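Worksheet for the structure shown next.
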Amino acid sequence: MLEKNYNPKEFEEKIYEKWEKSGAFQPDMRSDKEAFSIVIPPPNVTGVLHMGHALDNTLQDILIRYNRMLGKKVLWQPGTDHAGIATQMVVERNLAKQGLTRHDLGREKFIETVWEWKKQSGGTICKQLRRLGASCDWSRERFTMDEGLSRAVRKIFVSLYKDGLIYKAKKLVNWDPALETAVSDLEVVQKETVGKMYYYKYPLEDNPNEFIHIATTRPETMFGDTAVAVSKDNPKLKHLIGKNCILPIANRVIPIIADDHADPEKGTGAVKITPAHDFNDFEVGKRHNLPMINILNSNATLNENTPYAGMTTQEARVKTIEELEKLGLMEKIEDHPMVIPYGDRSGVVIEPYMTDQWFVDAPKLAVEARRAVHDKEMEFVPAVYEKTYFEWMNNIQPWCISRQLWWGHQMPIWYGPDETICEENEEEAQAAADKHYGKHVELRRETDVLDTWFSSGLWAFSTLGWPEATEYLKTFYPTSVLVTGFDIIFFWVARMMMMSMYMMKRVPFKKCYIHGLVRDEQGRKMSKSKGNTVDPMETIEKYGADALRFFMASSETQGRDINLSDSRIQGYRNFATKLWNAARFCEMNQCYSVKDFDIKNVKFPINKWIVAKAKEATKNVTDNLNNYRFSDAANAVYQFVWGTFCDWYIELTKPIFYGDNDEKINETRATAAWVLDRILIILHPFMPFVTTELWNNLTTRKVDLIKAEWPQHEVFGEEDKRVIDRAVEFISAVRSLRAAMNLPAVAKLTAYVKASDVDLATLIAQNNLICNLARLDKLAPLGNMEISKDMVQTVCRDTTILIPLKGVVDFAAERERLNKELETLNKNLDGYARKLNNKEFVSKAPEKVVAEEKRRQAEALENKAKVEEALARIANF
RNA sequence: GGGCGCUUAGCUCAGCUGGAAGAGCAUCUCGUUUACACCGAGAGGGUCGGGAGUUCGAACCUCUCAGCGCCCACCA
């Protein structure tokens, strides 16, 4: 017996354990069925589940479960990411609590500590994914720093290097002074701020009483100035080109050069050039072969190339201004709106910084990655995201992949006395070096590690065993679909495309489903600092994982952000309760007691009706899932379960179950059980827990629900829905009339019906059902009976329903009701007439549309006549 | 500056190929019934941001105006 109440806590975790233990998540490799695979976007190994994960993984699990039920060979490949910067930061923060830095430990010991930390806290998010119901094949769990994946990283690195697609260069890069590492363009976030614009002047060398006027937001960088630029088209300043000026404080002579970077309209028209600390100036410096003076230490304090060595940039700025004022060179300071780059992890100001770094030739790799999407080898869903993808790929810059961190894949680069060697391991590197030099030489390994996204870029094939030609790789690559958020398109999707096209010559996934962000109830972005985050674990605790999942699915309309809504999640918990109670109803009525009943043989109208509706709902869910229309799919099940099965079918079965027609009872029991099973099947991908619990408790089963067959190509005929559809409409019409007339539910009424012979017969045949649900004691043909003024009337299609009220009719109210009805009818009739009198409409619109319009007009005319009749009847009361 | 979206019921949002405007929540009225009050029945509520155009027909296509948002680049 089912418990009286739906209580997800009772069974969700138990069910999951059973699934996992039974190997239900593992593909049957012996099967020759079509393969379906998804690689999970690997969460940070030390991360905890947030609502974004809940959405992302719910969608994946729906696709995985659906395809598994379709009988495919299904793999959901799970794993975690070492998340270089993020993880290193966490561990360093922990060390800081003990007053230690990573340097106190040294590289080796520090890395050991990180592994230790990973061991401790690394499992959290995977446990949480289990709680959500994610049916990943955990036996294949991978980690981006696993031996196998590390080997893949080294192999592809060497390959790229030898193909000239990885190179080292001294370039200006984004430098994070807190982490003391280079970061990529994508890891820099630009923030609007109100800063200051400083106007001051540099004296000319040949006449110190003449000046060139400068405007800058960063006066402290002047010690790195190696020129001042003006535009050759600047009539006011071009006479200065070729002269020199004196850099105050430093007292260094620098040239005034002509360069179009200097916009006559901006600032003073003259711009100081600091090639080592500004991306534009760097380009100018290259054009004019200017010296590049680095003025910063790696922690962004000023270095000995400046008079203010050791000061922070802020301190140096204050000092510089003071000095300039003393020298009488300072002119004015204005507020100035500007954008300042911050590190997305560290949150500190990013400095353009000249260092040796390693780059991937992304522009070259982008060519194939672009083509594959262009040729639809990989398709974005929704398709608009390919515009974002192309836009970025078309403007792609070399990708800085070296990080001056300790936690990550150390680059497989060794330096000999004057040679750089790239091999997969030390032995090979040594051998190559020895051969090159003709003797044994000492090698020094590059200390930089790789950007985390380098190894994630290989995820689609490295997790499947590459570089080995494994069975899994052969079977599941390319994967079927990648599900991720739009914020990851550049970081990950694009990199995976480039890496996969380069190494595998095939796309990593055939489809890429992009979803939006989960926001808070007011549509604001969730963030810890705002304090508006909601922990999915708490939601699951409160409403169950199924409710949260269903919320995610039903809210997911392609590509749009989702606003979290507690009331909606609660609503889906209620939905699960509703289903639970419907199942209890079936249980109480011994629906599962009927053996050997073939659903193809149903005879009775309500059963034929619900079978047809169930098939319709199934098709609806199937079609929508096939098109990644999660909300439509979820809503189709919801609507069928609650709106059709519970609200109508169960109500319709009651008079049968409470009656004494055994044949009817038996067939209805069997049908109810069949429909409930069908519901459990099509709802399972969305709500795997409650459906499984019910599946297992209602009767003994030959198959587990997780592997139950998804109904496809059903051969039995299209059952007649018309009879019950008519009854439903009829009942609704009577109920509506009762409510409008304020008739108490206890009052049993008689309804007389005027309709065509066919309709009449149809309705009378369902007499029992209709009377029960519409609270009538009698349903009879009007026949030749005279319509009295005491009858209230309503129309439903071409059927007129008349209910005698024996003196209780409030004629004024009734007149008002009828008049209102008449008004609507007239309005509609105007519309029909306007259309049908329009010759163009009649001649140009498809025949079907015209016919439908005519039918509506005829029906409305008929109804109008009936209403007018009724009004006439009570005119004098 | 470049790109991409959004504006539909009080709220949050659906509406896929143009053919009588939908859901959930909220609101109002009423509740006979052992599946369910985490419930049932009924109802109200929309010039589909403004304007113009294409079309027999526009929430949907085109143009335009207004407001909002996101991404990328840049601002001495």
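Starting from 1 in every chain, residues are counted up; chains themselves are A, B, ... following the order of the structure tokens, and ligands are numbered from 1 as listed.
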
Please determine the contact residues of chain B with respect to chain A at a cut-off of 10 Å, counting only C-alpha atoms (C1' of nucleotides), and supply them as an NGL selection string. :B and (2-6 or 12-14 or 16 or 19-20 or 23-25 or 29-33 or 35-36 or 38-43 or 56-57 or 71-76)

Please run DSSP on the backbone and report, as JSON, numbers by chain, all residues within segment 355-600 of chain A that come out as helix (DSSP H, G or I). {"A": [362, 363, 364, 365, 366, 367, 368, 369, 370, 371, 372, 373, 374, 385, 386, 387, 388, 389, 390, 391, 392, 393, 394, 426, 427, 428, 429, 430, 431, 432, 433, 434, 435, 436, 437, 452, 453, 454, 455, 456, 459, 460, 461, 462, 471, 472, 473, 474, 475, 476, 486, 487, 488, 489, 490, 491, 492, 493, 494, 495, 496, 497, 498, 499, 500, 501, 502, 503, 536, 537, 538, 539, 540, 541, 542, 543, 545, 546, 547, 548, 549, 550, 551, 552, 553, 554, 555, 566, 567, 568, 569, 570, 571, 572, 573, 574, 575, 576, 577, 578, 579, 580, 581, 582, 583, 584, 585, 586, 587, 588, 591, 592, 593, 599, 600]}

Save out the residues we just selected, C-alpha atoms, as a tab-separated table (two decimals), in the first residue's frame.
```tsv
chain	number	residue	atom	x	y	z
A	362	ALA	CA	43.74	30.49	-32.02
A	363	PRO	CA	43.14	32.34	-35.29
A	364	LYS	CA	44.45	29.29	-37.17
A	365	LEU	CA	42.54	26.75	-35.10
A	366	ALA	CA	39.40	28.83	-35.50
A	367	VAL	CA	39.27	28.20	-39.22
A	368	GLU	CA	38.10	24.58	-38.98
A	369	ALA	CA	36.04	25.26	-35.87
A	370	ARG	CA	34.17	27.90	-37.80
A	371	ARG	CA	33.72	25.77	-40.87
A	372	ALA	CA	32.25	22.88	-38.89
A	373	VAL	CA	29.49	25.09	-37.54
A	374	HIS	CA	29.02	26.75	-40.87
A	385	TYR	CA	23.93	31.42	-30.63
A	386	GLU	CA	25.89	30.57	-33.72
A	387	LYS	CA	25.99	34.31	-34.36
A	388	THR	CA	27.68	34.84	-31.03
A	389	TYR	CA	30.05	32.02	-31.83
A	390	PHE	CA	30.95	33.32	-35.27
A	391	GLU	CA	31.30	36.85	-34.02
A	392	TRP	CA	33.89	35.75	-31.51
A	393	MET	CA	35.65	33.31	-33.79
A	394	ASN	CA	36.00	35.97	-36.47
A	426	GLU	CA	61.18	14.05	-19.33
A	427	GLU	CA	62.85	10.95	-20.75
A	428	GLU	CA	61.91	11.81	-24.29
A	429	ALA	CA	62.90	15.41	-23.77
A	430	GLN	CA	66.25	14.34	-22.36
A	431	ALA	CA	66.81	11.95	-25.22
A	432	ALA	CA	65.95	14.63	-27.76
A	433	ALA	CA	68.23	17.12	-26.05
A	434	ASP	CA	71.13	14.72	-25.78
A	435	LYS	CA	70.76	13.90	-29.42
A	436	HIS	CA	70.58	17.56	-30.35
A	437	TYR	CA	73.66	18.55	-28.39
A	452	THR	CA	42.50	25.26	-16.98
A	453	TRP	CA	40.47	25.59	-20.15
A	454	PHE	CA	43.24	23.94	-22.11
A	455	SER	CA	42.48	20.57	-20.53
A	456	SER	CA	38.72	21.19	-20.50
A	459	TRP	CA	37.13	16.90	-22.37
A	460	ALA	CA	34.92	15.43	-25.09
A	461	PHE	CA	37.57	12.93	-26.17
A	462	SER	CA	40.05	12.76	-23.31
A	471	GLU	CA	35.79	1.09	-27.46
A	472	TYR	CA	34.12	4.03	-25.73
A	473	LEU	CA	35.84	6.56	-27.92
A	474	LYS	CA	34.79	4.67	-31.01
A	475	THR	CA	31.23	4.28	-29.79
A	476	PHE	CA	30.49	7.61	-28.20
A	486	PHE	CA	25.74	30.95	-22.84
A	487	ASP	CA	28.38	32.36	-20.52
A	488	ILE	CA	30.59	29.37	-21.34
A	489	ILE	CA	30.44	29.58	-25.13
A	490	PHE	CA	33.81	31.29	-25.48
A	491	PHE	CA	35.58	29.72	-22.53
A	492	TRP	CA	34.66	26.19	-23.34
A	493	VAL	CA	32.45	25.49	-26.35
A	494	ALA	CA	34.71	27.40	-28.70
A	495	ARG	CA	37.89	25.88	-27.25
A	496	MET	CA	36.44	22.38	-27.45
A	497	MET	CA	35.53	23.00	-31.05
A	498	MET	CA	39.04	24.18	-31.87
A	499	MET	CA	40.84	21.42	-30.00
A	500	SER	CA	38.58	18.68	-31.30
A	501	MET	CA	38.67	19.79	-34.90
A	502	TYR	CA	42.45	19.99	-34.67
A	503	MET	CA	43.06	16.63	-33.05
A	536	PRO	CA	19.43	23.86	-4.46
A	537	MET	CA	20.07	21.37	-1.67
A	538	GLU	CA	17.76	23.34	0.59
A	539	THR	CA	15.11	23.44	-2.11
A	540	ILE	CA	15.43	19.70	-2.58
A	541	GLU	CA	15.18	19.20	1.16
A	542	LYS	CA	12.01	21.26	1.22
A	543	TYR	CA	10.17	20.12	-1.90
A	545	ALA	CA	14.42	16.82	-6.18
A	546	ASP	CA	11.57	16.03	-8.56
A	547	ALA	CA	9.85	19.35	-7.86
A	548	LEU	CA	13.04	21.30	-8.48
A	549	ARG	CA	13.73	19.34	-11.64
A	550	PHE	CA	10.25	19.84	-12.97
A	551	PHE	CA	10.51	23.53	-12.27
A	552	MET	CA	13.73	23.72	-14.27
A	553	ALA	CA	12.30	21.76	-17.17
A	554	SER	CA	9.02	23.62	-17.35
A	555	SER	CA	10.76	26.99	-17.13
A	566	ASP	CA	9.45	29.26	-4.81
A	567	SER	CA	5.73	29.26	-5.48
A	568	ARG	CA	6.24	27.45	-8.75
A	569	ILE	CA	8.53	24.86	-7.24
A	570	GLN	CA	5.93	24.36	-4.56
A	571	GLY	CA	3.39	24.01	-7.33
A	572	TYR	CA	5.35	21.17	-8.84
A	573	ARG	CA	5.65	19.50	-5.44
A	574	ASN	CA	1.86	19.74	-5.40
A	575	PHE	CA	1.84	18.18	-8.83
A	576	ALA	CA	3.81	15.22	-7.53
A	577	THR	CA	1.36	14.94	-4.66
A	578	LYS	CA	-1.49	14.99	-7.12
A	579	LEU	CA	0.05	12.15	-9.07
A	580	TRP	CA	0.69	10.28	-5.85
A	581	ASN	CA	-2.95	10.54	-4.90
A	582	ALA	CA	-4.13	9.52	-8.33
A	583	ALA	CA	-1.99	6.43	-7.96
A	584	ARG	CA	-3.55	5.79	-4.59
A	585	PHE	CA	-6.94	6.03	-6.20
A	586	CYS	CA	-5.92	3.40	-8.71
A	587	GLU	CA	-4.55	1.25	-5.95
A	588	MET	CA	-7.75	1.52	-3.91
A	591	CYS	CA	-6.62	-1.27	-10.98
A	592	TYR	CA	-3.53	-3.43	-11.12
A	593	SER	CA	-5.44	-6.61	-10.32
A	599	ILE	CA	-5.23	-2.27	-24.20
A	600	LYS	CA	-5.93	-2.56	-27.91
```

For C61 of chain B, list every protein, DNA or RNA residue within 10 Å, evaluated using only C-alpha atoms (C1' of nucleotides), and leave out those in the same chain fewer than 4 positions away; present the list as a compact mmCIF listing (two decimals) with all heavy atoms, in the first residue's frame.
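Wrote part-v6.txt, looks like this:
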```
# COMPACT_ATOMS: atom_id res chain seq x y z
P G B 18 4.32 31.77 -40.79
OP1 G B 18 3.35 31.55 -41.87
OP2 G B 18 5.03 33.06 -40.64
O5' G B 18 3.57 31.41 -39.44
C5' G B 18 3.34 32.32 -38.39
C4' G B 18 2.07 33.12 -38.58
O4' G B 18 2.29 33.98 -39.71
C3' G B 18 0.83 32.34 -38.92
O3' G B 18 0.02 32.35 -37.73
C2' G B 18 0.15 33.12 -40.05
O2' G B 18 -1.14 33.54 -39.70
C1' G B 18 1.03 34.35 -40.18
N9 G B 18 1.19 34.95 -41.50
C8 G B 18 1.96 34.51 -42.54
N7 G B 18 1.91 35.32 -43.58
C5 G B 18 1.06 36.34 -43.20
C6 G B 18 0.63 37.49 -43.90
O6 G B 18 0.92 37.85 -45.03
N1 G B 18 -0.23 38.25 -43.13
C2 G B 18 -0.63 37.95 -41.85
N2 G B 18 -1.47 38.80 -41.27
N3 G B 18 -0.23 36.89 -41.17
C4 G B 18 0.61 36.13 -41.91
P U B 54 1.14 48.65 -47.78
OP1 U B 54 1.02 49.04 -49.20
OP2 U B 54 -0.06 48.62 -46.90
O5' U B 54 1.82 47.21 -47.72
C5' U B 54 2.96 46.91 -48.53
C4' U B 54 3.37 45.48 -48.31
O4' U B 54 3.80 45.31 -46.93
C3' U B 54 2.25 44.46 -48.46
O3' U B 54 2.03 44.13 -49.82
C2' U B 54 2.80 43.29 -47.66
O2' U B 54 3.77 42.57 -48.38
C1' U B 54 3.46 44.01 -46.49
N1 U B 54 2.55 44.13 -45.32
C2 U B 54 2.44 43.04 -44.49
O2 U B 54 3.04 41.99 -44.67
N3 U B 54 1.58 43.20 -43.43
C4 U B 54 0.84 44.33 -43.13
O4 U B 54 0.11 44.32 -42.15
C5 U B 54 1.02 45.42 -44.05
C6 U B 54 1.84 45.30 -45.09
P U B 55 0.53 44.08 -50.35
OP1 U B 55 0.62 43.74 -51.77
OP2 U B 55 -0.19 45.31 -49.92
O5' U B 55 -0.10 42.86 -49.57
C5' U B 55 0.40 41.54 -49.78
C4' U B 55 -0.25 40.59 -48.81
O4' U B 55 0.14 40.95 -47.46
C3' U B 55 -1.77 40.67 -48.76
O3' U B 55 -2.36 39.94 -49.81
C2' U B 55 -2.04 40.03 -47.40
O2' U B 55 -1.92 38.64 -47.45
C1' U B 55 -0.89 40.61 -46.56
N1 U B 55 -1.31 41.82 -45.83
C2 U B 55 -1.80 41.65 -44.53
O2 U B 55 -1.90 40.56 -44.01
N3 U B 55 -2.21 42.80 -43.91
C4 U B 55 -2.16 44.07 -44.41
O4 U B 55 -2.57 45.01 -43.73
C5 U B 55 -1.64 44.17 -45.75
C6 U B 55 -1.24 43.07 -46.39
```

Contact residues around U27 of chain B with only C-alpha atoms (C1' of nucleotides) at 12 Å, ignoring same-chain residues under 4 positions, as number ranges by chain: B: 9-11, 43-45

Among the residues B:C48, B:C68, B:A37, B:C60, the one that comes closest to A21 of chain B [using only C-alpha atoms (C1' of nucleotides)]: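 For A21 of chain B, the nearest of the given residues is B:C48.
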
Selection: 10 Å around Ala633 of chain A, only C-alpha atoms (C1' of nucleotides), excl. self and same-chain fewer than 4 positions, as a list of chain:residue names: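 With the cut-off at 10 Å, the set is A:Ala553, A:Ser554, A:Ala617, A:Thr618, A:Lys619, A:Asn620, A:Val621, A:Thr622, A:Asp623, A:Asn624, A:Leu625, A:Asn626, A:Asn627, A:Tyr628, A:Arg629, A:Val637, A:Tyr638, A:Ile682, A:Leu683, A:Phe686.
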
Store the residues picked out above, limited to N, CA and C atoms, as a tab-separated table (two decimals), in the first residue's frame.
```tsv
chain	number	residue	atom	x	y	z
A	553	ALA	N	12.72	22.19	-15.84
A	553	ALA	CA	12.30	21.76	-17.17
A	553	ALA	C	11.17	22.64	-17.69
A	554	SER	N	10.19	22.90	-16.85
A	554	SER	CA	9.02	23.62	-17.35
A	554	SER	C	9.32	25.10	-17.55
A	617	ALA	N	-0.81	12.74	-25.76
A	617	ALA	CA	0.14	13.37	-24.83
A	617	ALA	C	1.55	12.81	-25.06
A	618	THR	N	1.63	11.52	-25.28
A	618	THR	CA	2.93	10.89	-25.51
A	618	THR	C	3.61	11.49	-26.72
A	619	LYS	N	2.84	11.64	-27.76
A	619	LYS	CA	3.40	12.18	-29.00
A	619	LYS	C	3.88	13.61	-28.78
A	620	ASN	N	3.07	14.33	-28.05
A	620	ASN	CA	3.39	15.71	-27.74
A	620	ASN	C	4.72	15.82	-26.98
A	621	VAL	N	4.86	15.00	-25.96
A	621	VAL	CA	6.09	15.01	-25.16
A	621	VAL	C	7.27	14.59	-26.03
A	622	THR	N	7.08	13.55	-26.78
A	622	THR	CA	8.15	13.02	-27.63
A	622	THR	C	8.62	14.07	-28.63
A	623	ASP	N	7.67	14.65	-29.34
A	623	ASP	CA	8.04	15.66	-30.35
A	623	ASP	C	8.80	16.81	-29.72
A	624	ASN	N	8.31	17.26	-28.58
A	624	ASN	CA	8.96	18.39	-27.94
A	624	ASN	C	10.35	18.05	-27.41
A	625	LEU	N	10.49	16.85	-26.87
A	625	LEU	CA	11.83	16.46	-26.42
A	625	LEU	C	12.78	16.34	-27.60
A	626	ASN	N	12.29	15.80	-28.69
A	626	ASN	CA	13.14	15.68	-29.88
A	626	ASN	C	13.62	17.03	-30.36
A	627	ASN	N	12.84	18.06	-30.07
A	627	ASN	CA	13.21	19.40	-30.51
A	627	ASN	C	13.79	20.25	-29.39
A	628	TYR	N	14.17	19.62	-28.30
A	628	TYR	CA	14.75	20.33	-27.16
A	628	TYR	C	13.82	21.41	-26.63
A	629	ARG	N	12.52	21.16	-26.72
A	629	ARG	CA	11.58	22.13	-26.18
A	629	ARG	C	11.12	21.62	-24.82
A	637	VAL	N	3.05	16.93	-20.29
A	637	VAL	CA	2.80	15.87	-19.30
A	637	VAL	C	1.94	16.41	-18.17
A	638	TYR	N	2.31	17.58	-17.71
A	638	TYR	CA	1.59	18.22	-16.59
A	638	TYR	C	0.11	18.33	-16.91
A	682	ILE	N	6.26	8.52	-19.35
A	682	ILE	CA	6.58	9.79	-20.00
A	682	ILE	C	6.97	10.89	-19.02
A	683	LEU	N	6.66	10.69	-17.76
A	683	LEU	CA	7.05	11.67	-16.75
A	683	LEU	C	8.42	11.35	-16.16
A	686	PHE	N	11.54	13.59	-16.32
A	686	PHE	CA	11.42	14.85	-15.59
A	686	PHE	C	11.43	14.62	-14.08
```

Taking the backbone alone, and naming residues the way the document does, which bits of segment 218-326 of chain A are strand (DSSP E or B) by DSSP, as a PyMOL selection string? chain A and resi 227-230+244-247+252-258+270-273+296+301-302+312

State, in Å with one decimal place, the distance from atom CA of Glu34 of chain A to atom CA of Arg68 of chain A. 10.4 Å

Which of these residues is nearest to U47 of chain B, using only C-alpha atoms (C1' of nucleotides): B:G22, B:U64, B:U8, B:C28?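 Closest residue, counting only C-alpha atoms (C1' of nucleotides): B:U8.
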